[in-house]
Structure formats: structure tokens, C-alpha cells
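To be precise, the following lines are final_20.cif, and they hold mmCIF, C-alpha atoms.
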data_work
#
loop_
_atom_site.label_atom_id
_atom_site.label_comp_id
_atom_site.auth_asym_id
_atom_site.auth_seq_id
_atom_site.Cartn_x
_atom_site.Cartn_y
_atom_site.Cartn_z
CA MET A 1 105.60 32.11 88.14
CA SER A 2 106.78 35.54 87.11
CA THR A 3 105.12 38.62 88.53
CA LEU A 4 104.08 39.63 85.03
CA PHE A 5 101.59 36.76 84.75
CA ARG A 6 100.29 36.82 88.32
CA PRO A 7 97.74 39.71 87.84
CA PHE A 8 96.43 38.02 84.68
CA THR A 9 95.99 34.71 86.56
CA ILE A 10 94.25 36.43 89.45
CA LEU A 11 91.78 38.08 87.06
CA LEU A 12 91.29 34.96 84.97
CA LEU A 13 90.63 32.52 87.82
CA PRO A 14 87.28 34.03 88.91
CA LEU A 15 86.15 34.17 85.26
CA VAL A 16 87.00 30.49 84.70
CA THR A 17 85.27 29.56 87.96
CA LEU A 18 82.10 31.49 87.06
CA THR A 19 82.06 29.94 83.59
CA PHE A 20 82.39 26.45 85.07
CA LEU A 21 79.58 27.11 87.54
CA SER A 22 77.33 28.43 84.76
CA ILE A 23 77.97 25.37 82.62
CA SER A 24 77.35 23.05 85.55
CA TYR A 25 74.10 24.79 86.42
CA SER A 26 72.76 24.75 82.88
CA CYS A 27 73.62 21.07 82.46
CA THR A 28 71.83 19.89 85.57
CA SER A 29 68.69 17.92 84.83
CA PRO A 30 65.30 18.67 86.40
CA SER A 31 64.65 16.77 89.61
CA GLY A 32 61.46 15.15 88.38
CA PRO A 33 59.09 14.66 85.47
CA GLN A 34 58.30 17.72 83.37
CA VAL A 35 55.19 18.73 81.44
CA THR A 36 55.85 21.11 78.54
CA ILE A 37 53.06 23.41 77.42
CA HIS A 38 53.26 24.64 73.82
CA THR A 39 51.20 27.83 73.82
CA SER A 40 49.42 29.31 70.82
CA LYS A 41 51.94 32.18 71.01
CA ASN A 42 54.78 29.71 70.32
CA THR A 43 56.23 29.79 73.81
CA LEU A 44 57.22 26.72 75.78
CA ILE A 45 56.48 26.52 79.49
CA GLN A 46 57.92 23.69 81.56
CA VAL A 47 56.28 22.57 84.77
CA SER A 48 57.76 20.05 87.22
CA VAL A 49 55.05 17.60 88.23
CA GLU A 50 54.21 14.95 90.73
CA ILE A 51 52.36 12.06 89.10
CA ALA A 52 48.99 10.84 90.40
CA SER A 53 48.42 7.58 88.51
CA THR A 54 46.49 5.52 91.08
CA GLU A 55 43.00 6.02 92.44
CA GLU A 56 44.43 6.70 95.92
CA LYS A 57 46.84 9.39 94.67
CA ARG A 58 44.17 10.98 92.46
CA GLN A 59 41.76 11.21 95.40
CA LEU A 60 44.36 12.87 97.64
CA GLY A 61 45.73 15.19 94.95
CA LEU A 62 47.03 18.45 96.42
CA MET A 63 44.72 18.41 99.45
CA TYR A 64 46.24 19.50 102.78
CA ARG A 65 49.29 21.09 101.11
CA ARG A 66 50.29 24.42 102.58
CA GLU A 67 52.34 25.57 99.58
CA LEU A 68 53.19 24.77 96.00
CA PRO A 69 56.29 26.27 94.35
CA GLU A 70 55.84 28.29 91.14
CA LEU A 71 56.09 26.10 88.02
CA HIS A 72 55.28 22.96 90.03
CA GLY A 73 52.07 21.01 89.93
CA MET A 74 50.42 17.61 89.90
CA LEU A 75 49.61 15.61 86.78
CA PHE A 76 46.64 13.25 87.12
CA LEU A 77 46.60 10.22 84.81
CA PHE A 78 43.36 8.39 84.07
CA PRO A 79 43.11 5.00 82.35
CA TYR A 80 40.70 6.30 79.71
CA GLU A 81 39.36 9.53 78.25
CA GLY A 82 36.03 10.74 79.63
CA GLU A 83 34.28 13.64 81.29
CA LEU A 84 36.08 14.42 84.56
CA SER A 85 35.16 16.52 87.57
CA PHE A 86 37.36 17.89 90.35
CA TRP A 87 36.78 19.87 93.53
CA MET A 88 38.83 21.90 96.00
CA LYS A 89 37.92 20.11 99.21
CA ASN A 90 40.74 20.48 101.78
CA THR A 91 42.87 22.53 99.38
CA PRO A 92 43.86 25.82 101.07
CA PHE A 93 44.98 27.85 98.02
CA PRO A 94 43.46 28.52 94.59
CA LEU A 95 44.47 26.33 91.67
CA ASP A 96 44.17 26.37 87.91
CA ILE A 97 42.87 22.96 86.83
CA ILE A 98 43.81 22.16 83.24
CA PHE A 99 41.90 19.35 81.50
CA ILE A 100 43.83 17.60 78.71
CA ASN A 101 42.45 15.11 76.18
CA ALA A 102 44.06 11.92 74.85
CA ALA A 103 45.46 13.90 71.89
CA ARG A 104 47.36 16.04 74.45
CA ARG A 105 45.36 19.23 73.83
CA ILE A 106 43.86 21.44 76.55
CA VAL A 107 40.08 21.05 76.38
CA GLY A 108 39.10 22.93 79.54
CA ILE A 109 40.46 25.16 82.28
CA ALA A 110 39.00 25.92 85.72
CA GLU A 111 40.89 29.09 86.67
CA ASN A 112 41.56 30.44 90.16
CA THR A 113 39.40 27.88 91.90
CA THR A 114 37.94 28.62 95.33
CA PRO A 115 39.90 27.06 98.22
CA PHE A 116 38.01 24.42 100.25
CA SER A 117 35.04 24.45 97.86
CA GLU A 118 33.16 21.22 97.23
CA LYS A 119 31.55 22.63 94.08
CA PRO A 120 32.19 20.30 91.12
CA LEU A 121 34.56 21.64 88.48
CA PRO A 122 33.78 19.61 85.33
CA SER A 123 35.93 19.20 82.24
CA ASN A 124 32.84 19.69 80.01
CA LYS A 125 34.67 17.68 77.33
CA PRO A 126 36.40 14.29 77.39
CA ALA A 127 39.80 14.44 79.10
CA GLN A 128 42.36 11.83 80.13
CA PHE A 129 44.89 13.99 81.98
CA VAL A 130 44.60 16.88 84.41
CA LEU A 131 47.29 19.33 85.45
CA GLU A 132 46.75 21.18 88.73
CA ILE A 133 48.91 24.25 89.23
CA HIS A 134 48.82 27.53 91.17
CA GLY A 135 45.79 29.72 90.60
CA GLY A 136 46.46 32.45 88.05
CA PHE A 137 49.09 30.36 86.21
CA CYS A 138 47.08 30.20 82.96
CA GLN A 139 46.56 33.95 82.90
CA ARG A 140 50.20 34.74 83.79
CA TYR A 141 51.60 32.47 81.09
CA GLY A 142 48.91 32.83 78.42
CA ILE A 143 47.72 29.21 78.60
CA MET A 144 44.53 28.65 76.59
CA ILE A 145 42.17 25.93 75.44
CA GLY A 146 43.67 24.28 72.37
CA ASP A 147 47.30 24.56 73.54
CA GLN A 148 49.36 21.40 73.05
CA ILE A 149 50.82 19.49 76.02
CA GLU A 150 53.94 17.35 75.97
CA LEU A 151 53.79 14.80 78.77
CA PRO A 152 56.80 13.26 80.50
CA LYS A 153 58.28 10.17 78.91
CA ASN A 154 57.87 6.79 80.65
CA LEU A 155 54.68 7.63 82.52
CA PRO A 156 53.40 4.89 84.81
CA PRO A 157 50.17 3.21 83.75
CA ALA A 158 47.03 4.82 85.11
CA LEU A 159 45.33 2.40 87.50
#
Rewrite the structure of this file - the entire thing - as C-alpha cells.
Amino acid sequence: MSTLFRPFTILLLPLVTLTFLSISYSCTSPSGPQVTIHTSKNTLIQVSVEIASTEEKRQLGLMYRRELPELHGMLFLFPYEGELSFWMKNTPFPLDIIFINAARRIVGIAENTTPFSEKPLPSNKPAQFVLEIHGGFCQRYGIMIGDQIELPKNLPPAL
């Protein structure tokens, strides 16, 4: 290689490497199921979720967890639409509890719930799905009743 091209190669190599890393990063798929919230302000918010589709998993929920990363939550699946009620027993940090009907619309939100409380937090309207996420999430991201929810594909049946 001539000395004329060496400086160009030295400058180009880091640029090519950074471009490759950027492409690789943007092409990586999320590590788990995602819920997409379509807000009334036309923004999309994606949340990685754990799925609670059995009675045992729904009863345990996020109890005893010490932390929950931002934009992560738990999606509760119920076999039918109906009035639901949750509580915060054994949950050490506040949550926003988002009640979602069978048409995939938010019908209720319990915001910034009280840790360890056994006070019932009802949906007040029929719901079939519930998304639990960090307290304050709905306010930070402008989530409101009526917003549309896109659930992950290939959900397990609710038992």
C-alpha cells in the first residue's frame, strides 16, 4: 500500500466500524414481547413486557420485585372481559396500572399506586388486559384513557 492511501484508510476504518456497529444495533430485535401504545398525540411508545397468562402468574404479578427497568412492565391476560381489581400487596414501588378492554383501548388507569397497599384498585369498566408499569409512566408519556394498545403477536391463551 502506498503512503498516499494510508492516512485515508486510517481515517476511514473507524468510520466504517462505527457505521457497522450502528447498523447492527438498530437491527437487533427486542429481547421479549412488546406492547405498543398509540397515544392520542400520535406518538408510539413501546414497552417490553413479561406475560402473566395463568392464574398463578397473575396472582404473583410484580410482588417482591426490588426494581423494574424503565419501559418494562407486566401484561396480564384474562380469559374474558370483565371488571377487574388489583392491589399493591408486597409491591415495594409505585406502579401505574393500565386497564385495557377487549377492543385494545385503555378504559382505566390507576396512577402512582401506593406501595404495599391492600386497597382495591378497580378497573371501573370491563377490561381483559392489564399493563403494570412504573408509577408516573402515564404522566411522563402522555398515556390517557382511550389510547389504543397493540399487543404482542402470538400471545399464550389466558388460563
### Task
Go through A:Gln128, A:Gln139, A:Ser40, A:Thr54 and flag the residue nearest Leu95 (chain A), using all atoms listed in the file for the distances.
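Of all the options, A:Gln139 lies closest to Leu95 (chain A).
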### Query
Hey, what's within 10 Å of Ser53 (chain A) if we count all atoms listed in the file and toss same-chain stuff fewer than 2 positions away? As a PyMOL selection string, please?
chain A and resi 50-51+55-58+75-79+129+155-159
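Picked out by the PyMOL selection byres ((chain A and resi 98) around 9) when it runs on this file: Asp96, Ile97, Phe99, Ile100, Ile106, Val107, Gly108, Ile109, Ala110, Glu111, Ser123, Phe129, Val130, Leu131, Glu132, Ile133, Cys138 and Ile145 of chain A.
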### Task
Can you work out which one of A:Glu118, A:Glu83, A:Asp147, A:Glu67 has the shortest atom-to-atom distance to Ile37 (chain A), counting all atoms listed in the file?
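Going through A:Glu118, A:Glu83, A:Asp147, A:Glu67 one by one, the smallest distance to Ile37 (chain A) is for A:Asp147.
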### Message
Under the rule that all atoms listed in the file are counted, which of A:Gly146, A:Gly73, A:Gly61, A:Pro115 is the nearest residue to Ala103 (chain A)?
### Response
A:Gly146
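Taking CA of Ile149 (chain A) and CA of Pro120 (chain A) as endpoints, the distance between them is 24.0 Å.
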## Note on the structure
Taken to one decimal, the CA of Ala127 (chain A)-CA of Met88 (chain A) distance is 18.5 Å
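Across the structure, CA of Val47 (chain A) and CA of Pro152 (chain A) are spaced 10.3 Å apart.
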### Message
With the PyMOL selection byres ((chain A and resi 117) around 12) as the selection, what would be picked from this file? Answer as a list in words, please.
### Response
Met63, Phe86, Trp87, Met88, Lys89, Asn90, Thr91, Pro92, Phe93, Pro94, Leu95, Asn112, Thr113, Thr114, Pro115, Phe116, Glu118, Lys119, Pro120 and Leu121 of chain A
### Task
With a distance cut-off of 7 Å and only C-alpha atoms, select the neighbouring residues of Gln46 (chain A), excluding the residue or stretch itself and same-chain residues fewer than 2 positions from it, and output the selection as a list of chain:residue names.
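Residues meeting the cut-off are A:Gln34, A:Val35, A:Thr36, A:Ile37, A:Leu44, A:Ser48.
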Put those residues in a file: C-alpha atoms, as a JSON list (two decimals), in the frame of the given file.
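The file below, again12.json, is the result:
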[["chain", "number", "residue", "atom", "x", "y", "z"],
["A", 34, "GLN", "CA", 58.30, 17.72, 83.37],
["A", 35, "VAL", "CA", 55.19, 18.73, 81.44],
["A", 36, "THR", "CA", 55.85, 21.11, 78.54],
["A", 37, "ILE", "CA", 53.06, 23.41, 77.42],
["A", 44, "LEU", "CA", 57.22, 26.72, 75.78],
["A", 48, "SER", "CA", 57.76, 20.05, 87.22]]
### Query
Of the residues A:Gly82, A:Asn42, A:Tyr141, A:Gln148, which is the one nearest to Asn124 (chain A), using all atoms listed in the file?
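Checking each candidate against Asn124 (chain A), we get A:Gly82 as the closest.
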### Shortest interatomic distance to Glu150 (chain A) - which of A:Ala52, A:Met74, A:Ala102, A:Leu84, counting all atoms listed in the file
A:Ala102
